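Asks: Below is a structure I'd like to ask you about.
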Amino acid sequence: MQQKTMEAIVALCKRRGFIFQSSEIYGGINGFWDYGPLGVELKRNVREAWWRDMITNHDDLNVCEGAPTSYQMTGMETSIIMHPNVWKSSGHYDLFHDFMVDCRECNSRFRADHVCSSECPLKPSKHPGEHDKCSLTEPREFNLMFKTILGAMGTEEDTAFLRPETAQGMFVNFKNVCDSSRVKVPFGIAQVGKSFRNEITPRNFTFRSREFEQMEMEFFCHPEESRKWYEYWRDRRYNWYINLGITGDKLILRDHEEAELAHYSVGTADIEYAFPFLEAGEYGELEGVAHRGNFDLRSHMEGKLTKDDEGNLIVELDENGQPKYRGSGKDLTYYDDDAFLRDKESLGLKSFKAYCEQRKEEADPGAPYRYIPHVIEPAAGADRATLAFICEAFTEDEAPDDKGKMQKRTVMQFHPQLAPIKAAVFPLIKKEGMPEKAAAIYGALKKAGVAAYYDQQGAIGRRYRRQDEIGTPFCLTVDGETANDNCVTLRDRDTLAQDRVPIDDVVAEIQRRVDG
Ligand code: GAP
């Protein structure tokens with residue numbers, strides 16, 4: 001089996017314009033990356049595949065395969081800087097930290113849980129702490145949120161944070177979305193956007209960056225239905241990667257152990273990929289699918305929550321017995337008017353108000369019609385997904401050259417929907433009317449919105465190689481026969497099969513093959 005090395009993948013990404021280190025001409029900046037001409041298209045396609053799957057193609061009138069019921073979906077784009085109290089209520093202000101250790105000798109900094117897998121800068125064959133000269137500090141807490149200052153005064157009160165996740169923007173807008181878009185529980189809000197974490201040791205190419213993009217969806221459902229929805233989203237998200245070309249054995253779905261669960265979570269599964277920078281048998285997280293209970297909406301209503309001795313969520317109090325961080329105080333419960341109207345007659349009531357009045361001695365007079373929805377959150381990283389698709393696509397095999405001799409080739413076997421360029425168009429030679437015909441085909445593809453590339457330079461075999469290396473799934477060649485049969489040769493990147501296709505059908509044929 002071929003060994004994919006990260007060195008070869010990173011080199012190809014730079015050579016062919018997928019990913020560059022940010023500010024490279026100034027020596028680079030750790031944890032930040034730029035997507036080049038091909039990378040930007042690839043990542044856009046990843047995002048769009050996600051958005052299509054979540055929003056554009058979602059049919060809320062029918063029950064999706066495996067879903068407990070039909071459901072609605074809506075999108076949002078929320079701001080990167082939010083009110084600082086958002087992060088106090090959510091727990092990020094107090095709890096979103098890693099532990100770090102410093103080496104007093106070489107002034108390097110490591111994440112405490114990464115010491116055993118890091119290299120000692122003084123002696124890379126050893127881990128930090130193993131060299132005679134190493135002098136590591138005790139682990140210390142380090143909050144991962146980037147601070148910034150709002151306005152001109154620049155006082156401590158003007159401190160704000162770059163969001164470390166897109167999720168909170170959707171929780172704090174729950175009421176706005178309900179009030180403005182007529183959605184009914186169960187429904188989801190999806191968002192794609194940048195997040196920022198001041199990672200202590202960004203590494204493994206784009207895998208752990210300080211600026212990255214997330215594709216998160218918050219799915220609001222009835223508490224009693226939430227387990228079924230969690231399982232639905234977990235399986236559906238796992239299959240999304242498979243359907244886009246990540247083969248089964250490199251992709252795993254791992255349920256978290258009880259001890260691993262985040263403080264708010266009642267169940268989480270990670271979708272993980274065997275990245276080439278990991279040891280055999282190790283996997284890196286691509287996406288977490290979490291059952292978050294009602295933690296988030298409650299936090300933004302009541303204030304920062306913590307668990308009591310019995311494991312119940314309660315508002316955390318300060319030394320004066322007051323909420324440590326107050327929530328918004330806004331009512332983020334959901335009223336299921338359809339369910340109430342359905343039962344109204346049998347209950348013999350005039351209104352929901354009357355119903356609550358009648359039950360005012362109960363702990364929760366509005367139940368079961370008014371409740372705090374539970375949340376299922378599939379949280380994916382656009383950069384990690386893009387990196388996984390790059391690693392999965394990277395292949396070295398052999399293909400015949402112009403003389404039929406087998407030559408080693410590097411081919412990026414991207415799923416056609418993800419490939420930055422779908423079709424390359426070549427005139428076999430630069431005369432006999434071939435360039436004009438090829439240019440017309442290229443123009444027709446562009447007009448139809450198909451990402452295409454025109455190339456008339458060099459031997460045809462070399463042109464194929466150039467496209468293989470960037471993952472173009474289809475090449476179209478205008479040759480000597482075209483003048484007679486009005487067809488072109490359509491060459492498939494992976495099977496190397498060559499079919500004759502009438503020029504008039506080319507655009508539809510490429511679209512058919514890309515959409516599968
Ligand atoms: N709202 C939940 C949340 O943010 P997370 O597991 O911390 O959960 C979700 O992040 C996804 O975001 C991860 O699975 C990963 O794909 C991506 N991600 C997180 N930190 C990242 C980083 N430093 N660099 C690149 N991607 C990151």
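The way I read the labels, and the way they are meant: chains A, B, ... in the order of the structure tokens, residue 1 as the first residue of every chain, and ligand 1 as the first ligand shown, with later ones counted on from there.
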Tell me, as a ChimeraX atom specification, which residues lie within 10 Å of Pro435 of chain A, counting only C-alpha atoms; anything in the same chain fewer than 3 positions away does not count.
Replies: /A:425-432,438-441,454-456,478-479
Asks: Show me a table, sorted first by chain and then by increasing residue number, of the residues of chain A having an atom at most 8 Å from ligand 1, each with its shortest atom pair and the distance in Å to one decimal, counting only C-alpha atoms and all ligand atoms and written as CSV.
Replies:
```
residue,atom,partner,partner_atom_place_in_ligand_line,distance
A:Pro164,CA,ligand 1,4 (O),7.0
A:Glu165,CA,ligand 1,4 (O),4.7
A:Thr166,CA,ligand 1,1 (N),6.6
A:Ala167,CA,ligand 1,1 (N),5.0
A:Gln168,CA,ligand 1,1 (N),7.6
A:Phe196,CA,ligand 1,23 (N),7.5
A:Arg197,CA,ligand 1,23 (N),6.0
A:Asn198,CA,ligand 1,23 (N),7.9
A:Glu199,CA,ligand 1,23 (N),6.2
A:Pro202,CA,ligand 1,23 (N),7.0
A:Thr206,CA,ligand 1,25 (C),6.3
A:Phe207,CA,ligand 1,25 (C),5.0
A:Arg208,CA,ligand 1,24 (N),3.6
A:Ser209,CA,ligand 1,24 (N),3.9
A:Arg210,CA,ligand 1,23 (N),5.4
A:Glu211,CA,ligand 1,24 (N),6.8
A:Phe212,CA,ligand 1,25 (C),5.1
A:Glu213,CA,ligand 1,26 (N),6.8
A:Gln214,CA,ligand 1,12 (O),5.3
A:Met215,CA,ligand 1,12 (O),7.6
A:Glu216,CA,ligand 1,1 (N),6.9
A:Asp270,CA,ligand 1,14 (O),7.6
A:Ile271,CA,ligand 1,14 (O),7.9
A:Glu285,CA,ligand 1,14 (O),5.3
A:Leu286,CA,ligand 1,16 (O),4.4
A:Glu287,CA,ligand 1,14 (O),3.5
A:Gly288,CA,ligand 1,14 (O),5.1
A:Ala290,CA,ligand 1,2 (C),8.0
A:Glu377,CA,ligand 1,1 (N),7.2
A:Pro378,CA,ligand 1,2 (C),7.9
A:Ala379,CA,ligand 1,9 (C),4.5
A:Ala380,CA,ligand 1,11 (C),4.4
A:Gly381,CA,ligand 1,16 (O),3.2
A:Ala382,CA,ligand 1,16 (O),6.7
A:Asp383,CA,ligand 1,26 (N),6.0
A:Arg384,CA,ligand 1,16 (O),5.2
A:Ala385,CA,ligand 1,16 (O),6.9
```
Asks: As a list in words, please: every residue in segment 117-230 of chain A that a backbone DSSP assignment puts in helix (DSSP H, G or I).
Replies: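 Put together, the selection reads Ser117, Glu156, Glu157, Asp158, Ala167, Gln168, Gly169, Met170, Phe171, Phe174, Lys175, Asn176, Val177, Cys178, Asp179, Ser180, Ser181, Pro223, Glu224, Glu225, Ser226, Arg227, Lys228, Trp229 and Tyr230 of chain A.
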Asks: Do you know which residues are at most 12 Å from Met73 of chain A counting only C-alpha atoms, after dropping those on the same chain fewer than 3 positions away, and could you put them as a compact mmCIF listing (two decimals) with all heavy atoms, in the first residue's frame?
Replies:
```txt
# COMPACT_ATOMS: atom_id res chain seq x y z
N TRP A 51 -23.59 23.21 3.07
CA TRP A 51 -24.76 24.10 3.10
C TRP A 51 -25.92 23.50 2.28
O TRP A 51 -27.08 23.56 2.69
CB TRP A 51 -24.36 25.47 2.55
CG TRP A 51 -25.39 26.53 2.78
CD1 TRP A 51 -26.35 26.97 1.91
CD2 TRP A 51 -25.59 27.30 3.99
NE1 TRP A 51 -27.11 27.95 2.49
CE2 TRP A 51 -26.67 28.18 3.77
CE3 TRP A 51 -24.94 27.32 5.22
CZ2 TRP A 51 -27.13 29.07 4.73
CZ3 TRP A 51 -25.40 28.22 6.18
CH2 TRP A 51 -26.48 29.07 5.94
N ARG A 52 -25.56 22.91 1.13
CA ARG A 52 -26.59 22.26 0.30
C ARG A 52 -27.26 21.14 1.09
O ARG A 52 -28.46 21.00 1.11
CB ARG A 52 -25.93 21.65 -0.95
CG ARG A 52 -26.17 22.42 -2.22
CD ARG A 52 -25.89 21.60 -3.47
NE ARG A 52 -24.76 20.71 -3.39
CZ ARG A 52 -23.49 21.06 -3.65
NH1 ARG A 52 -23.22 22.27 -4.03
NH2 ARG A 52 -22.52 20.16 -3.57
N ASP A 53 -26.41 20.34 1.76
CA ASP A 53 -26.93 19.19 2.49
C ASP A 53 -27.81 19.64 3.66
O ASP A 53 -28.84 19.04 3.94
CB ASP A 53 -25.75 18.35 3.01
CG ASP A 53 -26.21 17.02 3.54
OD1 ASP A 53 -26.95 16.33 2.82
OD2 ASP A 53 -25.86 16.68 4.68
N MET A 54 -27.40 20.72 4.33
CA MET A 54 -28.14 21.19 5.50
C MET A 54 -29.37 22.01 5.11
O MET A 54 -30.42 21.86 5.71
CB MET A 54 -27.24 22.10 6.37
CG MET A 54 -26.21 21.36 7.15
SD MET A 54 -27.02 20.45 8.48
CE MET A 54 -25.66 19.47 9.06
N ILE A 55 -29.19 22.93 4.17
CA ILE A 55 -30.21 23.96 3.92
C ILE A 55 -30.85 23.86 2.53
O ILE A 55 -32.05 23.60 2.40
CB ILE A 55 -29.60 25.38 4.08
CG1 ILE A 55 -28.92 25.54 5.45
CG2 ILE A 55 -30.64 26.46 3.83
CD1 ILE A 55 -29.84 25.80 6.60
N THR A 56 -30.04 24.07 1.51
CA THR A 56 -30.61 24.26 0.17
C THR A 56 -31.42 23.05 -0.29
O THR A 56 -32.51 23.20 -0.81
CB THR A 56 -29.49 24.54 -0.86
OG1 THR A 56 -28.52 25.37 -0.25
CG2 THR A 56 -30.02 25.19 -2.11
N ASN A 57 -30.88 21.87 -0.10
CA ASN A 57 -31.57 20.68 -0.60
C ASN A 57 -32.53 20.06 0.42
O ASN A 57 -33.13 19.03 0.15
CB ASN A 57 -30.56 19.60 -1.01
CG ASN A 57 -29.79 19.99 -2.26
OD1 ASN A 57 -29.97 21.09 -2.77
ND2 ASN A 57 -28.93 19.11 -2.73
N HIS A 58 -32.63 20.68 1.59
CA HIS A 58 -33.48 20.05 2.61
C HIS A 58 -34.96 20.23 2.28
O HIS A 58 -35.43 21.34 2.04
CB HIS A 58 -33.19 20.63 4.00
CG HIS A 58 -34.12 20.07 5.02
ND1 HIS A 58 -34.14 18.73 5.31
CD2 HIS A 58 -35.12 20.62 5.75
CE1 HIS A 58 -35.09 18.49 6.20
NE2 HIS A 58 -35.70 19.62 6.47
N ASP A 59 -35.67 19.12 2.29
CA ASP A 59 -37.11 19.12 1.98
C ASP A 59 -37.88 18.95 3.29
O ASP A 59 -37.93 17.86 3.86
CB ASP A 59 -37.38 17.96 1.01
CG ASP A 59 -38.86 17.75 0.77
OD1 ASP A 59 -39.68 18.50 1.33
OD2 ASP A 59 -39.19 16.82 0.00
N ASP A 60 -38.45 20.06 3.78
CA ASP A 60 -39.10 20.00 5.10
C ASP A 60 -40.51 19.43 5.04
O ASP A 60 -41.16 19.30 6.08
CB ASP A 60 -39.09 21.38 5.76
CG ASP A 60 -39.72 22.44 4.89
OD1 ASP A 60 -39.64 22.31 3.66
OD2 ASP A 60 -40.28 23.40 5.43
N LEU A 61 -40.96 19.08 3.83
CA LEU A 61 -42.32 18.52 3.76
C LEU A 61 -42.29 17.01 3.90
O LEU A 61 -43.31 16.37 4.15
CB LEU A 61 -42.98 18.91 2.43
CG LEU A 61 -43.13 20.41 2.18
CD1 LEU A 61 -43.85 20.66 0.87
CD2 LEU A 61 -43.90 21.07 3.34
N SER A 70 -40.43 14.85 10.02
CA SER A 70 -39.93 15.92 9.15
C SER A 70 -39.44 17.07 10.04
O SER A 70 -39.77 17.10 11.24
CB SER A 70 -41.02 16.39 8.19
OG SER A 70 -42.09 16.92 8.94
N MET A 76 -28.04 31.16 9.16
CA MET A 76 -27.74 32.46 9.78
C MET A 76 -26.30 32.83 9.51
O MET A 76 -25.48 31.96 9.18
CB MET A 76 -27.86 32.38 11.31
CG MET A 76 -29.24 32.49 11.84
SD MET A 76 -29.18 32.97 13.57
CE MET A 76 -29.13 34.74 13.40
N VAL A 177 -35.08 34.02 15.66
CA VAL A 177 -35.39 33.11 14.54
C VAL A 177 -36.83 32.60 14.68
O VAL A 177 -37.59 32.60 13.72
CB VAL A 177 -34.37 31.95 14.46
CG1 VAL A 177 -34.80 30.90 13.45
CG2 VAL A 177 -33.00 32.50 14.09
N CYS A 178 -37.20 32.18 15.90
CA CYS A 178 -38.57 31.68 16.11
C CYS A 178 -39.58 32.77 15.76
O CYS A 178 -40.58 32.51 15.09
CB CYS A 178 -38.79 31.28 17.56
SG CYS A 178 -37.96 29.76 18.00
N SER A 181 -39.28 33.76 11.60
CA SER A 181 -39.30 32.87 10.43
C SER A 181 -40.36 31.79 10.50
O SER A 181 -40.41 30.92 9.64
CB SER A 181 -37.93 32.23 10.24
OG SER A 181 -37.64 31.42 11.35
N ARG A 182 -41.21 31.80 11.48
CA ARG A 182 -42.33 30.86 11.61
C ARG A 182 -41.88 29.40 11.68
O ARG A 182 -42.65 28.50 11.38
CB ARG A 182 -43.33 31.05 10.45
CG ARG A 182 -43.92 32.47 10.43
CD ARG A 182 -44.83 32.67 9.24
NE ARG A 182 -46.02 31.85 9.29
CZ ARG A 182 -46.55 31.27 8.21
NH1 ARG A 182 -45.99 31.42 7.04
NH2 ARG A 182 -47.64 30.56 8.33
N VAL A 183 -40.60 29.19 12.04
CA VAL A 183 -40.16 27.78 12.19
C VAL A 183 -40.79 27.20 13.45
O VAL A 183 -41.11 27.92 14.40
CB VAL A 183 -38.63 27.64 12.29
CG1 VAL A 183 -37.97 27.83 10.95
CG2 VAL A 183 -38.05 28.58 13.33
N LYS A 184 -40.97 25.90 13.43
CA LYS A 184 -41.53 25.18 14.58
C LYS A 184 -40.53 24.10 14.99
O LYS A 184 -39.92 23.46 14.12
CB LYS A 184 -42.83 24.47 14.17
CG LYS A 184 -43.88 25.41 13.60
CD LYS A 184 -44.87 25.78 14.66
CE LYS A 184 -45.96 26.65 14.08
NZ LYS A 184 -46.75 27.30 15.06
N VAL A 185 -40.42 23.87 16.26
CA VAL A 185 -39.58 22.76 16.74
C VAL A 185 -40.19 21.46 16.22
O VAL A 185 -41.42 21.32 16.27
CB VAL A 185 -39.55 22.78 18.29
CG1 VAL A 185 -38.98 21.50 18.85
CG2 VAL A 185 -38.75 24.00 18.78
N PRO A 186 -39.42 20.51 15.65
CA PRO A 186 -37.97 20.52 15.57
C PRO A 186 -37.47 21.30 14.35
O PRO A 186 -38.00 21.18 13.27
CB PRO A 186 -37.64 19.03 15.39
CG PRO A 186 -38.83 18.45 14.69
CD PRO A 186 -40.01 19.24 15.16
N PHE A 187 -36.43 22.08 14.59
CA PHE A 187 -35.80 22.79 13.46
C PHE A 187 -34.33 23.04 13.79
O PHE A 187 -33.91 22.95 14.95
CB PHE A 187 -36.53 24.12 13.17
CG PHE A 187 -36.27 25.20 14.19
CD1 PHE A 187 -35.20 26.09 14.02
CD2 PHE A 187 -37.08 25.35 15.30
CE1 PHE A 187 -34.97 27.10 14.94
CE2 PHE A 187 -36.84 26.36 16.23
CZ PHE A 187 -35.78 27.23 16.05
N GLY A 188 -33.58 23.34 12.74
CA GLY A 188 -32.15 23.58 12.91
C GLY A 188 -31.75 24.94 12.38
O GLY A 188 -32.38 25.46 11.44
N ILE A 189 -30.72 25.53 13.00
CA ILE A 189 -30.10 26.76 12.47
C ILE A 189 -28.67 26.39 12.12
O ILE A 189 -27.94 25.85 12.96
CB ILE A 189 -30.09 27.91 13.49
CG1 ILE A 189 -31.48 28.13 14.10
CG2 ILE A 189 -29.59 29.19 12.84
CD1 ILE A 189 -31.52 29.26 15.15
N ALA A 190 -28.29 26.70 10.88
CA ALA A 190 -26.93 26.35 10.42
C ALA A 190 -26.15 27.62 10.16
O ALA A 190 -26.71 28.64 9.77
CB ALA A 190 -27.02 25.52 9.15
N GLN A 191 -24.86 27.52 10.38
CA GLN A 191 -24.00 28.68 10.15
C GLN A 191 -22.60 28.21 9.76
O GLN A 191 -22.09 27.25 10.31
CB GLN A 191 -23.94 29.53 11.42
CG GLN A 191 -22.77 30.50 11.48
CD GLN A 191 -23.00 31.70 12.39
OE1 GLN A 191 -22.90 32.82 11.94
NE2 GLN A 191 -23.27 31.47 13.65
N MET A 217 -24.28 23.43 13.27
CA MET A 217 -25.73 23.45 13.17
C MET A 217 -26.31 23.16 14.55
O MET A 217 -25.86 22.25 15.23
CB MET A 217 -26.19 22.39 12.16
CG MET A 217 -27.61 22.57 11.70
SD MET A 217 -28.78 21.79 12.79
CE MET A 217 -28.58 20.09 12.36
N GLU A 218 -27.25 24.00 14.98
CA GLU A 218 -27.90 23.79 16.27
C GLU A 218 -29.32 23.32 15.96
O GLU A 218 -30.09 24.04 15.33
CB GLU A 218 -27.93 25.09 17.08
CG GLU A 218 -26.57 25.78 17.22
CD GLU A 218 -25.48 24.88 17.80
OE1 GLU A 218 -25.79 24.01 18.63
OE2 GLU A 218 -24.31 25.06 17.41
N PHE A 219 -29.61 22.11 16.41
CA PHE A 219 -30.92 21.52 16.12
C PHE A 219 -31.75 21.49 17.39
O PHE A 219 -31.36 20.88 18.38
CB PHE A 219 -30.72 20.09 15.57
CG PHE A 219 -31.96 19.52 14.97
CD1 PHE A 219 -32.36 19.88 13.70
CD2 PHE A 219 -32.74 18.63 15.70
CE1 PHE A 219 -33.52 19.37 13.15
CE2 PHE A 219 -33.91 18.12 15.15
CZ PHE A 219 -34.30 18.48 13.88
N PHE A 220 -32.88 22.20 17.37
CA PHE A 220 -33.72 22.35 18.56
C PHE A 220 -34.88 21.36 18.49
O PHE A 220 -35.61 21.33 17.50
CB PHE A 220 -34.26 23.79 18.63
CG PHE A 220 -33.16 24.82 18.69
CD1 PHE A 220 -32.65 25.40 17.52
CD2 PHE A 220 -32.60 25.18 19.91
CE1 PHE A 220 -31.62 26.33 17.58
CE2 PHE A 220 -31.57 26.12 19.97
CZ PHE A 220 -31.08 26.68 18.80
```
Asks: If you count only C-alpha atoms, which residues fall within 10 Å of segment 370-372 of chain A, apart from same-chain ones fewer than 4 positions away, as a ChimeraX atom specification?
Replies: /A:220-223,293-298,331-337,339-340,352,356,364-366
Asks: Find the spatial neighbours of segment 240-257 of chain A, counting only C-alpha atoms, within a cut-off of 9 Å - ignore same-chain residues fewer than 3 positions away - and output them as a short mmCIF file (atom, residue, chain, number, x, y, z; two decimals) with N, CA, C and O atoms, in the first residue's frame.
Replies:
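Contents of out_18.cif, as written:
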```cif
data_model
loop_
_atom_site.label_atom_id
_atom_site.label_comp_id
_atom_site.auth_asym_id
_atom_site.auth_seq_id
_atom_site.Cartn_x
_atom_site.Cartn_y
_atom_site.Cartn_z
N ALA A 49 -21.06 22.11 -0.22
CA ALA A 49 -21.61 20.75 -0.09
C ALA A 49 -22.33 20.63 1.25
O ALA A 49 -23.40 20.03 1.37
N TRP A 50 -21.76 21.23 2.27
CA TRP A 50 -22.36 21.19 3.62
C TRP A 50 -23.66 22.00 3.64
O TRP A 50 -24.69 21.55 4.13
N ASP A 53 -26.41 20.34 1.76
CA ASP A 53 -26.93 19.19 2.49
C ASP A 53 -27.81 19.64 3.66
O ASP A 53 -28.84 19.04 3.94
N ARG A 234 -25.93 12.13 14.18
CA ARG A 234 -24.61 11.48 14.27
C ARG A 234 -24.38 10.62 13.03
O ARG A 234 -23.36 10.71 12.35
N ASP A 235 -25.37 9.80 12.67
CA ASP A 235 -25.20 8.89 11.53
C ASP A 235 -25.21 9.65 10.21
O ASP A 235 -24.46 9.35 9.30
N ARG A 236 -26.07 10.65 10.16
CA ARG A 236 -26.16 11.41 8.91
C ARG A 236 -24.85 12.16 8.62
O ARG A 236 -24.38 12.21 7.50
N ARG A 237 -24.28 12.75 9.66
CA ARG A 237 -23.04 13.50 9.46
C ARG A 237 -21.88 12.57 9.09
O ARG A 237 -21.03 12.92 8.28
N GLU A 260 -15.25 11.75 29.29
CA GLU A 260 -14.76 12.63 28.23
C GLU A 260 -15.77 13.73 27.87
O GLU A 260 -15.44 14.68 27.17
N LEU A 261 -17.02 13.55 28.32
CA LEU A 261 -18.07 14.47 27.88
C LEU A 261 -17.82 15.88 28.39
O LEU A 261 -17.39 16.07 29.53
N GLY A 267 -24.22 13.43 25.78
CA GLY A 267 -23.81 12.40 24.82
C GLY A 267 -23.10 13.07 23.66
O GLY A 267 -23.56 14.09 23.17
N THR A 268 -21.97 12.54 23.27
CA THR A 268 -21.21 13.12 22.15
C THR A 268 -20.53 12.00 21.38
O THR A 268 -20.07 11.02 21.97
N ALA A 269 -20.49 12.16 20.07
CA ALA A 269 -19.71 11.24 19.25
C ALA A 269 -18.80 12.09 18.37
O ALA A 269 -19.19 13.18 17.93
N ASP A 270 -17.58 11.62 18.16
CA ASP A 270 -16.68 12.32 17.25
C ASP A 270 -16.59 11.54 15.95
O ASP A 270 -16.54 10.31 15.95
N ILE A 271 -16.55 12.29 14.86
CA ILE A 271 -16.24 11.69 13.57
C ILE A 271 -14.76 11.96 13.36
O ILE A 271 -14.32 13.11 13.42
N GLU A 272 -13.99 10.90 13.20
CA GLU A 272 -12.52 11.05 13.20
C GLU A 272 -11.91 10.43 11.94
O GLU A 272 -12.45 9.47 11.39
N TYR A 273 -10.78 11.00 11.56
CA TYR A 273 -10.11 10.56 10.33
C TYR A 273 -8.65 10.20 10.62
O TYR A 273 -8.00 10.87 11.44
N ALA A 274 -8.17 9.18 9.95
CA ALA A 274 -6.78 8.74 10.15
C ALA A 274 -5.86 9.63 9.32
O ALA A 274 -5.43 9.25 8.22
N PHE A 275 -5.58 10.82 9.83
CA PHE A 275 -4.70 11.76 9.10
C PHE A 275 -3.30 11.15 9.00
O PHE A 275 -2.84 10.49 9.94
N TYR A 283 -6.53 8.49 15.30
CA TYR A 283 -7.46 9.27 14.49
C TYR A 283 -7.56 10.69 15.02
O TYR A 283 -7.40 10.91 16.22
N ALA A 385 -12.09 19.45 7.47
CA ALA A 385 -12.72 18.62 6.44
C ALA A 385 -11.94 18.76 5.14
O ALA A 385 -11.63 17.77 4.47
N ALA A 388 -8.83 16.80 5.35
CA ALA A 388 -9.09 15.35 5.24
C ALA A 388 -9.37 14.98 3.78
O ALA A 388 -8.87 13.96 3.29
N PHE A 389 -10.13 15.82 3.07
CA PHE A 389 -10.40 15.52 1.67
C PHE A 389 -9.11 15.59 0.85
O PHE A 389 -8.91 14.80 -0.07
N GLU A 392 -7.11 12.40 1.75
CA GLU A 392 -7.76 11.21 1.17
C GLU A 392 -7.54 11.18 -0.35
O GLU A 392 -7.34 10.12 -0.93
N ALA A 393 -7.58 12.36 -0.98
CA ALA A 393 -7.48 12.41 -2.45
C ALA A 393 -6.07 12.12 -2.93
O ALA A 393 -5.88 11.60 -4.04
N GLN A 413 -7.55 12.49 -6.08
CA GLN A 413 -8.83 11.86 -6.46
C GLN A 413 -9.99 12.48 -5.70
O GLN A 413 -10.71 11.79 -4.97
N PHE A 414 -10.16 13.79 -5.87
CA PHE A 414 -11.28 14.46 -5.21
C PHE A 414 -12.60 13.95 -5.77
O PHE A 414 -12.72 13.67 -6.97
N HIS A 415 -13.61 13.90 -4.91
CA HIS A 415 -14.97 13.68 -5.40
C HIS A 415 -15.26 14.81 -6.40
O HIS A 415 -14.92 15.98 -6.12
N PRO A 416 -15.89 14.52 -7.55
CA PRO A 416 -16.11 15.58 -8.54
C PRO A 416 -16.80 16.82 -7.97
O PRO A 416 -16.52 17.93 -8.39
N GLN A 417 -17.68 16.63 -6.98
CA GLN A 417 -18.35 17.82 -6.41
C GLN A 417 -17.38 18.72 -5.66
O GLN A 417 -17.62 19.91 -5.50
N LEU A 418 -16.29 18.16 -5.17
CA LEU A 418 -15.33 18.96 -4.40
C LEU A 418 -14.19 19.49 -5.27
O LEU A 418 -13.54 20.47 -4.90
#
```
Asks: With a distance cut-off of 10 Å and only C-alpha atoms, select the neighbouring residues of segment 131-143 of chain A, excluding the residue or stretch itself and same-chain residues fewer than 6 positions from it, and output the selection as JSON, numbers by chain.
Replies: {"A": [92, 93, 94, 95, 96, 97, 98, 99, 100, 101, 102, 103, 104, 105, 106, 107, 108, 109, 110, 111, 112, 113, 120, 121, 122, 123, 124, 125, 197, 198, 199, 200]}
Asks: Expressed in Å to a single decimal, how great is the separation between atom CA of Leu305 of chain A and atom CA of Gln322 of chain A?
Replies: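 Calculated distance between atom CA of Leu305 of chain A and atom CA of Gln322 of chain A is 12.5 Å.
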Asks: Find, counting only C-alpha atoms, the residue in A:Ser180, A:Thr5, A:Thr489, A:Ser89 that gets nearest to Pro323 of chain A.
Replies: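 Result for the nearest residue to Pro323 of chain A: A:Ser89.
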Asks: Could you pull out all residues of segment 3-84 of chain A with a DSSP call of strand (DSSP E or B) and give them as a list in words?
Replies: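 Filtering segment 3-84 of chain A down to strand (DSSP E or B) leaves Ile19, Phe20, Gln21, Trp33, Asp34, Tyr35, Gln72, Met73, Thr74, Gly75 and Ile81 of chain A.
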Asks: Restricting the output to C-alpha atoms, write the selected residues as a PDB file, in the first residue's frame.
Replies:
```pdb
ATOM      1  CA  ILE A  19      -2.577  26.275   0.797  1.00  0.00           C
ATOM      2  CA  PHE A  20       0.219  28.690   1.739  1.00  0.00           C
ATOM      3  CA  GLN A  21       1.512  29.716   5.104  1.00  0.00           C
ATOM      4  CA  TRP A  33      -3.031  29.795   6.643  1.00  0.00           C
ATOM      5  CA  ASP A  34      -3.970  31.232   3.256  1.00  0.00           C
ATOM      6  CA  TYR A  35      -5.928  29.327   0.646  1.00  0.00           C
ATOM      7  CA  GLN A  72     -37.304  22.621   9.174  1.00  0.00           C
ATOM      8  CA  MET A  73     -33.895  24.152   8.562  1.00  0.00           C
ATOM      9  CA  THR A  74     -32.745  27.735   8.377  1.00  0.00           C
ATOM     10  CA  GLY A  75     -29.406  29.505   8.052  1.00  0.00           C
ATOM     11  CA  ILE A  81     -17.475  39.749  18.133  1.00  0.00           C
TER      12      ILE A  81
END
```
Asks: What gap, in Å, lies between atom CA of Pro276 of chain A and atom CA of Pro400 of chain A?
Replies: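 Separation of atom CA of Pro276 of chain A and atom CA of Pro400 of chain A: 27.8 Å.
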Asks: Hey, can you check how far atom CA of Leu445 of chain A sits from atom CA of Pro420 of chain A?
Replies: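 Between these atoms lies a distance of 14.2 Å.
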